[in-house]
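Below is the file protein_33.tsv, which contains TSV, C-alpha atoms.
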```tsv
chain	number	residue	atom	x	y	z
A	1	MET	CA	130.63	74.35	15.42
A	2	ALA	CA	134.07	75.74	14.57
A	3	GLU	CA	135.60	78.28	16.98
A	4	PHE	CA	135.34	81.31	14.70
A	5	ASP	CA	131.81	80.39	13.60
A	6	LEU	CA	130.80	80.23	17.27
A	7	ILE	CA	132.42	83.61	18.00
A	8	ASN	CA	130.90	85.30	14.95
A	9	ARG	CA	127.44	83.84	15.55
A	10	TYR	CA	127.08	84.56	19.27
A	11	PHE	CA	129.78	86.91	20.59
A	12	ASN	CA	130.91	89.35	17.90
A	13	PHE	CA	129.53	92.40	19.72
A	14	GLN	CA	130.27	95.83	18.29
A	15	ASN	CA	132.40	98.24	20.31
A	16	ASN	CA	133.61	101.78	19.82
A	17	ASN	CA	136.43	101.73	22.33
A	18	ASN	CA	139.63	103.26	20.94
A	19	GLU	CA	141.80	101.39	23.49
A	20	ILE	CA	141.02	98.10	21.69
A	21	VAL	CA	143.60	97.59	18.95
A	22	ILE	CA	142.62	93.98	18.22
A	23	GLY	CA	139.43	92.74	19.84
A	24	ILE	CA	137.34	89.62	19.62
A	25	GLY	CA	139.25	86.96	17.73
A	26	ASP	CA	141.59	84.22	18.80
A	27	ASP	CA	142.58	83.74	22.46
A	28	GLY	CA	142.88	87.34	23.60
A	29	ALA	CA	143.07	90.98	22.63
A	30	VAL	CA	145.53	93.80	22.13
A	31	LEU	CA	144.75	96.84	24.28
A	32	ALA	CA	146.44	100.24	24.10
A	33	LEU	CA	146.24	101.28	27.72
A	34	HIS	CA	147.65	104.43	29.23
A	35	SER	CA	148.03	102.84	32.65
A	36	GLN	CA	149.73	99.56	33.40
A	37	SER	CA	147.84	99.10	36.67
A	38	LEU	CA	145.34	96.33	35.99
A	39	THR	CA	143.42	93.82	38.05
A	40	SER	CA	141.99	90.48	37.01
A	41	ASP	CA	139.23	88.44	38.61
A	42	SER	CA	137.59	85.23	37.38
A	43	PHE	CA	134.22	83.54	37.84
A	44	LEU	CA	133.36	79.98	36.77
A	45	LEU	CA	129.81	79.14	35.63
A	46	GLN	CA	128.77	75.51	35.16
A	47	ILE	CA	126.29	74.67	32.39
A	48	ASP	CA	123.81	72.01	33.48
A	49	GLN	CA	123.24	68.77	31.54
A	50	GLU	CA	119.96	70.01	30.05
A	51	TYR	CA	121.56	73.26	28.81
A	52	GLU	CA	119.06	75.27	30.84
A	53	PHE	CA	119.81	78.98	30.72
A	54	SER	CA	119.42	80.97	33.91
A	55	GLN	CA	119.19	84.73	33.43
A	56	GLU	CA	120.01	85.15	37.11
A	57	LYS	CA	123.48	83.61	36.78
A	58	THR	CA	124.95	85.83	34.06
A	59	PRO	CA	124.17	89.17	35.73
A	60	ASP	CA	125.38	87.74	39.02
A	61	CYS	CA	128.76	86.90	37.50
A	62	LEU	CA	129.27	90.41	36.16
A	63	ARG	CA	127.87	92.02	39.31
A	64	VAL	CA	130.22	89.99	41.53
A	65	LEU	CA	133.22	90.70	39.33
A	66	SER	CA	132.39	94.42	39.11
A	67	ASN	CA	131.92	94.69	42.87
A	68	ASN	CA	135.25	92.94	43.46
A	69	ALA	CA	137.00	95.43	41.18
A	70	ARG	CA	135.34	98.44	42.77
A	71	ALA	CA	136.31	97.17	46.23
A	72	ILE	CA	139.95	97.83	45.34
A	73	ASN	CA	139.20	101.15	43.61
A	74	ALA	CA	139.35	99.74	40.09
A	75	LYS	CA	137.06	100.44	37.16
A	76	PRO	CA	135.72	97.32	35.37
A	77	LYS	CA	136.59	97.65	31.68
A	78	TYR	CA	137.12	94.45	29.72
A	79	LEU	CA	135.91	90.86	29.75
A	80	LEU	CA	137.62	87.73	28.49
A	81	LEU	CA	135.15	84.89	27.96
A	82	ASN	CA	136.32	81.28	27.89
A	83	LEU	CA	133.81	78.69	26.73
A	84	ILE	CA	134.44	75.02	27.38
A	85	LEU	CA	131.76	73.10	25.48
A	86	SER	CA	131.18	69.39	25.05
A	87	ASN	CA	129.04	69.78	21.93
A	88	SER	CA	128.25	73.10	20.26
A	89	GLU	CA	126.39	71.30	17.43
A	90	ASN	CA	123.55	70.30	19.76
A	91	ASP	CA	120.21	72.12	19.20
A	92	LYS	CA	119.74	72.61	22.94
A	93	MET	CA	123.25	74.06	23.18
A	94	ASN	CA	122.50	76.49	20.35
A	95	VAL	CA	119.35	77.67	22.13
A	96	PHE	CA	121.38	78.04	25.34
A	97	LEU	CA	124.18	79.96	23.59
A	98	GLN	CA	121.73	82.36	21.94
A	99	ALA	CA	119.97	83.11	25.25
A	100	PHE	CA	123.30	83.40	27.08
A	101	SER	CA	124.73	85.69	24.39
A	102	ASN	CA	121.69	87.98	24.45
A	103	GLU	CA	121.78	88.28	28.25
A	104	LEU	CA	125.56	88.73	28.33
A	105	LYS	CA	125.37	91.56	25.79
A	106	SER	CA	122.66	93.27	27.83
A	107	GLN	CA	124.68	92.98	31.04
A	108	LEU	CA	127.90	94.15	29.40
A	109	GLU	CA	126.07	97.29	28.27
A	110	LYS	CA	124.58	97.77	31.76
A	111	TYR	CA	127.98	97.56	33.49
A	112	LYS	CA	129.81	99.36	30.63
A	113	ILE	CA	132.20	96.44	30.13
A	114	THR	CA	133.56	95.45	26.70
A	115	LEU	CA	134.03	91.85	25.61
A	116	VAL	CA	137.51	91.81	24.03
A	117	GLY	CA	138.29	88.13	23.55
A	118	GLY	CA	138.70	84.78	25.19
A	119	ASP	CA	138.96	81.17	24.11
A	120	THR	CA	136.86	78.16	23.22
A	121	SER	CA	137.78	74.61	24.15
A	122	SER	CA	136.22	71.19	24.08
A	123	GLY	CA	135.42	69.60	27.44
A	124	PRO	CA	132.86	69.60	30.25
A	125	ASN	CA	130.41	72.49	29.80
A	126	GLN	CA	131.72	75.53	31.64
A	127	ILE	CA	132.02	79.27	31.13
A	128	LEU	CA	134.88	81.24	32.63
A	129	PHE	CA	134.64	85.02	32.91
A	130	THR	CA	137.82	87.05	33.47
A	131	LEU	CA	137.30	90.72	34.17
A	132	ILE	CA	140.10	93.19	33.53
A	133	SER	CA	139.85	96.43	35.45
A	134	GLN	CA	141.90	99.58	35.50
A	135	LEU	CA	142.99	101.06	38.80
A	136	GLU	CA	141.60	104.54	39.30
```

Please rewrite the model in this file as structure tokens.
Amino acid sequence: MAEFDLINRYFNFQNNNNEIVIGIGDDGAVLALHSQSLTSDSFLLQIDQEYEFSQEKTPDCLRVLSNNARAINAKPKYLLLNLILSNSENDKMNVFLQAFSNELKSQLEKYKITLVGGDTSSGPNQILFTLISQLE
């Protein structure tokens, strides 16, 4: 599946955040921030060979990242999502991506974090979350 087809199909979540000048698209985002004090934290999630989706893993990633930000008095705000996929044309992968996307959207709403961009690459199946937080 082509990069923009993948993004539009699974990760083109709506947002109403006026700090996002250019959001989900190609390799990043443009944010109009009033403070230049930002933090970044990353979390790597491996996808198993059978493309089994674990609902426990996605919330854990966002919970861990949010807790790390709060530990330094920062407010979690934005997520960059990097997908490294060996084959996005596989039926099992499509089922995985749909389940993952649904759970990610739910957790983003729960933690009040906005997906603003990221990247897709070909390679061993992995998902990298990078949380951007604003110091309070």

Between A:Val30, A:Leu115, A:Cys61, A:Leu135, which has the minimum distance to A:Ala74 (counting only C-alpha atoms)?
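Among the listed residues, the smallest separation from A:Ala74 belongs to A:Leu135.
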
Counting all atoms listed in the file, the option among A:Asp5, A:Asn16, A:Ile84, A:Ile47 closest to A:Phe100:
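Closest to A:Phe100 of all the choices is A:Ile47.
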
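Of note, atom CA of A:Lys110 and atom CA of A:Asn12 are spaced 17.4 Å apart.
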
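If you look at atom CA of A:Gln107 and atom CA of A:Leu62, they are 7.3 Å away from each other.
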
How far is it from atom CA of A:Asp119 to atom CA of A:Leu85, in Å with one decimal?
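These two atoms are separated by 10.9 Å.
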
For A:Lys112, find every residue with an atom within 8 Å (counting only C-alpha atoms), except residues of its own chain fewer than 2 positions away, and show them as a list in words.
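Here the qualifying residues turn out to be Pro76, Lys77, Leu108, Glu109, Lys110 and Thr114 of chain A.
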
Grab the residues selected above and save them as a compact mmCIF listing (two decimals), keeping the file's coordinate frame with C-alpha atoms.
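This went into selection15.txt:
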```txt
# COMPACT_ATOMS: atom_id res chain seq x y z
CA PRO A 76 135.72 97.32 35.37
CA LYS A 77 136.59 97.65 31.68
CA LEU A 108 127.90 94.15 29.40
CA GLU A 109 126.07 97.29 28.27
CA LYS A 110 124.58 97.77 31.76
CA THR A 114 133.56 95.45 26.70
```

Would you list the residues near (138.3, 87.5, 29.2), meaning any protein, DNA or RNA residue with an atom at most 7 Å from that point in file coordinates, counting all atoms listed in the file, as a PDB file with C-alpha atoms, in the coordinates of the input?
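Heads up, here's the output in result-v1.pdb:
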```pdb
ATOM      1  CA  LEU A  79     135.910  90.860  29.750  1.00  0.00           C
ATOM      2  CA  LEU A  80     137.620  87.730  28.490  1.00  0.00           C
ATOM      3  CA  LEU A  81     135.150  84.890  27.960  1.00  0.00           C
ATOM      4  CA  ASN A  82     136.320  81.280  27.890  1.00  0.00           C
ATOM      5  CA  VAL A 116     137.510  91.810  24.030  1.00  0.00           C
ATOM      6  CA  GLY A 117     138.290  88.130  23.550  1.00  0.00           C
ATOM      7  CA  GLY A 118     138.700  84.780  25.190  1.00  0.00           C
ATOM      8  CA  PHE A 129     134.640  85.020  32.910  1.00  0.00           C
ATOM      9  CA  THR A 130     137.820  87.050  33.470  1.00  0.00           C
ATOM     10  CA  LEU A 131     137.300  90.720  34.170  1.00  0.00           C
TER      11      LEU A 131
END
```

With distances taken over all atoms listed in the file, the candidate from A:Leu44, A:Asn18, A:Ile72, A:Ile127 nearest A:Leu97 is A:Ile127

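Shortest separation to A:Phe96 among A:Arg63, A:Tyr10, A:Ser121, A:Tyr78 occurs at residue A:Tyr10, atoms counted being only C-alpha atoms.
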
With distances taken over all atoms listed in the file, which residue among A:Gln126, A:Thr120, A:Ser101, A:Ser133 lies nearest A:Leu45?
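Once distances to A:Leu45 are computed over all atoms listed in the file, the minimum belongs to A:Gln126.
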
Using the atoms already present, construct N, CA and C atoms for stretch 85-119 of chain A and hand them back as a PDB file, in the coordinates of the input.
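Wrote it out as out_16.pdb, contents follow:
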```pdb
ATOM      1  N   LEU A  85     133.018  73.712  25.910  1.00  0.00           N
ATOM      2  CA  LEU A  85     131.760  73.100  25.480  1.00  0.00           C
ATOM      3  C   LEU A  85     131.979  71.668  25.025  1.00  0.00           C
ATOM      4  N   SER A  86     131.068  70.796  25.442  1.00  0.00           N
ATOM      5  CA  SER A  86     131.180  69.390  25.050  1.00  0.00           C
ATOM      6  C   SER A  86     130.640  69.178  23.640  1.00  0.00           C
ATOM      7  N   ASN A  87     129.632  69.965  23.243  1.00  0.00           N
ATOM      8  CA  ASN A  87     129.040  69.780  21.930  1.00  0.00           C
ATOM      9  C   ASN A  87     128.292  71.042  21.526  1.00  0.00           C
ATOM     10  N   SER A  88     128.910  71.870  20.683  1.00  0.00           N
ATOM     11  CA  SER A  88     128.250  73.100  20.260  1.00  0.00           C
ATOM     12  C   SER A  88     127.360  72.871  19.034  1.00  0.00           C
ATOM     13  N   GLU A  89     127.254  71.625  18.564  1.00  0.00           N
ATOM     14  CA  GLU A  89     126.390  71.300  17.430  1.00  0.00           C
ATOM     15  C   GLU A  89     125.002  70.874  17.886  1.00  0.00           C
ATOM     16  N   ASN A  90     124.797  70.742  19.175  1.00  0.00           N
ATOM     17  CA  ASN A  90     123.550  70.300  19.760  1.00  0.00           C
ATOM     18  C   ASN A  90     122.502  71.425  19.688  1.00  0.00           C
ATOM     19  N   ASP A  91     121.260  71.102  19.294  1.00  0.00           N
ATOM     20  CA  ASP A  91     120.210  72.120  19.200  1.00  0.00           C
ATOM     21  C   ASP A  91     119.960  72.807  20.535  1.00  0.00           C
ATOM     22  N   LYS A  92     119.950  72.022  21.614  1.00  0.00           N
ATOM     23  CA  LYS A  92     119.740  72.610  22.940  1.00  0.00           C
ATOM     24  C   LYS A  92     120.883  73.568  23.289  1.00  0.00           C
ATOM     25  N   MET A  93     122.101  73.203  22.921  1.00  0.00           N
ATOM     26  CA  MET A  93     123.250  74.060  23.180  1.00  0.00           C
ATOM     27  C   MET A  93     123.129  75.361  22.391  1.00  0.00           C
ATOM     28  N   ASN A  94     122.666  75.278  21.153  1.00  0.00           N
ATOM     29  CA  ASN A  94     122.500  76.490  20.350  1.00  0.00           C
ATOM     30  C   ASN A  94     121.459  77.417  20.953  1.00  0.00           C
ATOM     31  N   VAL A  95     120.364  76.854  21.458  1.00  0.00           N
ATOM     32  CA  VAL A  95     119.350  77.670  22.130  1.00  0.00           C
ATOM     33  C   VAL A  95     119.949  78.309  23.374  1.00  0.00           C
ATOM     34  N   PHE A  96     120.713  77.523  24.145  1.00  0.00           N
ATOM     35  CA  PHE A  96     121.380  78.040  25.340  1.00  0.00           C
ATOM     36  C   PHE A  96     122.335  79.181  24.976  1.00  0.00           C
ATOM     37  N   LEU A  97     123.184  78.949  23.973  1.00  0.00           N
ATOM     38  CA  LEU A  97     124.180  79.960  23.590  1.00  0.00           C
ATOM     39  C   LEU A  97     123.531  81.251  23.118  1.00  0.00           C
ATOM     40  N   GLN A  98     122.415  81.150  22.393  1.00  0.00           N
ATOM     41  CA  GLN A  98     121.730  82.360  21.940  1.00  0.00           C
ATOM     42  C   GLN A  98     121.168  83.141  23.129  1.00  0.00           C
ATOM     43  N   ALA A  99     120.525  82.444  24.057  1.00  0.00           N
ATOM     44  CA  ALA A  99     119.970  83.110  25.250  1.00  0.00           C
ATOM     45  C   ALA A  99     121.095  83.700  26.102  1.00  0.00           C
ATOM     46  N   PHE A 100     122.159  82.929  26.293  1.00  0.00           N
ATOM     47  CA  PHE A 100     123.300  83.400  27.080  1.00  0.00           C
ATOM     48  C   PHE A 100     123.929  84.632  26.427  1.00  0.00           C
ATOM     49  N   SER A 101     124.137  84.577  25.126  1.00  0.00           N
ATOM     50  CA  SER A 101     124.730  85.690  24.390  1.00  0.00           C
ATOM     51  C   SER A 101     123.893  86.950  24.511  1.00  0.00           C
ATOM     52  N   ASN A 102     122.580  86.819  24.345  1.00  0.00           N
ATOM     53  CA  ASN A 102     121.690  87.980  24.450  1.00  0.00           C
ATOM     54  C   ASN A 102     121.771  88.607  25.841  1.00  0.00           C
ATOM     55  N   GLU A 103     121.732  87.765  26.879  1.00  0.00           N
ATOM     56  CA  GLU A 103     121.780  88.280  28.250  1.00  0.00           C
ATOM     57  C   GLU A 103     123.150  88.870  28.561  1.00  0.00           C
ATOM     58  N   LEU A 104     124.211  88.215  28.102  1.00  0.00           N
ATOM     59  CA  LEU A 104     125.560  88.730  28.330  1.00  0.00           C
ATOM     60  C   LEU A 104     125.714  90.119  27.698  1.00  0.00           C
ATOM     61  N   LYS A 105     125.265  90.268  26.465  1.00  0.00           N
ATOM     62  CA  LYS A 105     125.370  91.560  25.790  1.00  0.00           C
ATOM     63  C   LYS A 105     124.631  92.645  26.571  1.00  0.00           C
ATOM     64  N   SER A 106     123.450  92.321  27.044  1.00  0.00           N
ATOM     65  CA  SER A 106     122.660  93.270  27.830  1.00  0.00           C
ATOM     66  C   SER A 106     123.398  93.680  29.108  1.00  0.00           C
ATOM     67  N   GLN A 107     123.975  92.704  29.792  1.00  0.00           N
ATOM     68  CA  GLN A 107     124.680  92.980  31.040  1.00  0.00           C
ATOM     69  C   GLN A 107     125.993  93.720  30.807  1.00  0.00           C
ATOM     70  N   LEU A 108     126.677  93.416  29.728  1.00  0.00           N
ATOM     71  CA  LEU A 108     127.900  94.150  29.400  1.00  0.00           C
ATOM     72  C   LEU A 108     127.575  95.626  29.182  1.00  0.00           C
ATOM     73  N   GLU A 109     126.482  95.893  28.493  1.00  0.00           N
ATOM     74  CA  GLU A 109     126.070  97.290  28.270  1.00  0.00           C
ATOM     75  C   GLU A 109     125.703  97.945  29.601  1.00  0.00           C
ATOM     76  N   LYS A 110     124.991  97.223  30.460  1.00  0.00           N
ATOM     77  CA  LYS A 110     124.580  97.770  31.760  1.00  0.00           C
ATOM     78  C   LYS A 110     125.787  98.170  32.601  1.00  0.00           C
ATOM     79  N   TYR A 111     126.805  97.295  32.649  1.00  0.00           N
ATOM     80  CA  TYR A 111     127.980  97.560  33.490  1.00  0.00           C
ATOM     81  C   TYR A 111     129.085  98.300  32.739  1.00  0.00           C
ATOM     82  N   LYS A 112     128.840  98.635  31.464  1.00  0.00           N
ATOM     83  CA  LYS A 112     129.810  99.360  30.630  1.00  0.00           C
ATOM     84  C   LYS A 112     131.148  98.620  30.559  1.00  0.00           C
ATOM     85  N   ILE A 113     131.036  97.321  30.277  1.00  0.00           N
ATOM     86  CA  ILE A 113     132.200  96.440  30.130  1.00  0.00           C
ATOM     87  C   ILE A 113     132.220  95.976  28.676  1.00  0.00           C
ATOM     88  N   THR A 114     133.414  95.862  28.093  1.00  0.00           N
ATOM     89  CA  THR A 114     133.560  95.450  26.700  1.00  0.00           C
ATOM     90  C   THR A 114     134.159  94.054  26.620  1.00  0.00           C
ATOM     91  N   LEU A 115     133.487  93.169  25.893  1.00  0.00           N
ATOM     92  CA  LEU A 115     134.030  91.850  25.610  1.00  0.00           C
ATOM     93  C   LEU A 115     135.139  92.016  24.580  1.00  0.00           C
ATOM     94  N   VAL A 116     136.375  91.599  24.933  1.00  0.00           N
ATOM     95  CA  VAL A 116     137.510  91.810  24.030  1.00  0.00           C
ATOM     96  C   VAL A 116     138.121  90.517  23.512  1.00  0.00           C
ATOM     97  N   GLY A 117     137.712  89.380  24.039  1.00  0.00           N
ATOM     98  CA  GLY A 117     138.290  88.130  23.550  1.00  0.00           C
ATOM     99  C   GLY A 117     138.043  87.013  24.517  1.00  0.00           C
ATOM    100  N   GLY A 118     138.824  85.957  24.342  1.00  0.00           N
ATOM    101  CA  GLY A 118     138.700  84.780  25.190  1.00  0.00           C
ATOM    102  C   GLY A 118     139.183  83.555  24.445  1.00  0.00           C
ATOM    103  N   ASP A 119     138.534  82.430  24.721  1.00  0.00           N
ATOM    104  CA  ASP A 119     138.960  81.170  24.110  1.00  0.00           C
ATOM    105  C   ASP A 119     137.786  80.205  24.117  1.00  0.00           C
TER     106      ASP A 119
END
```
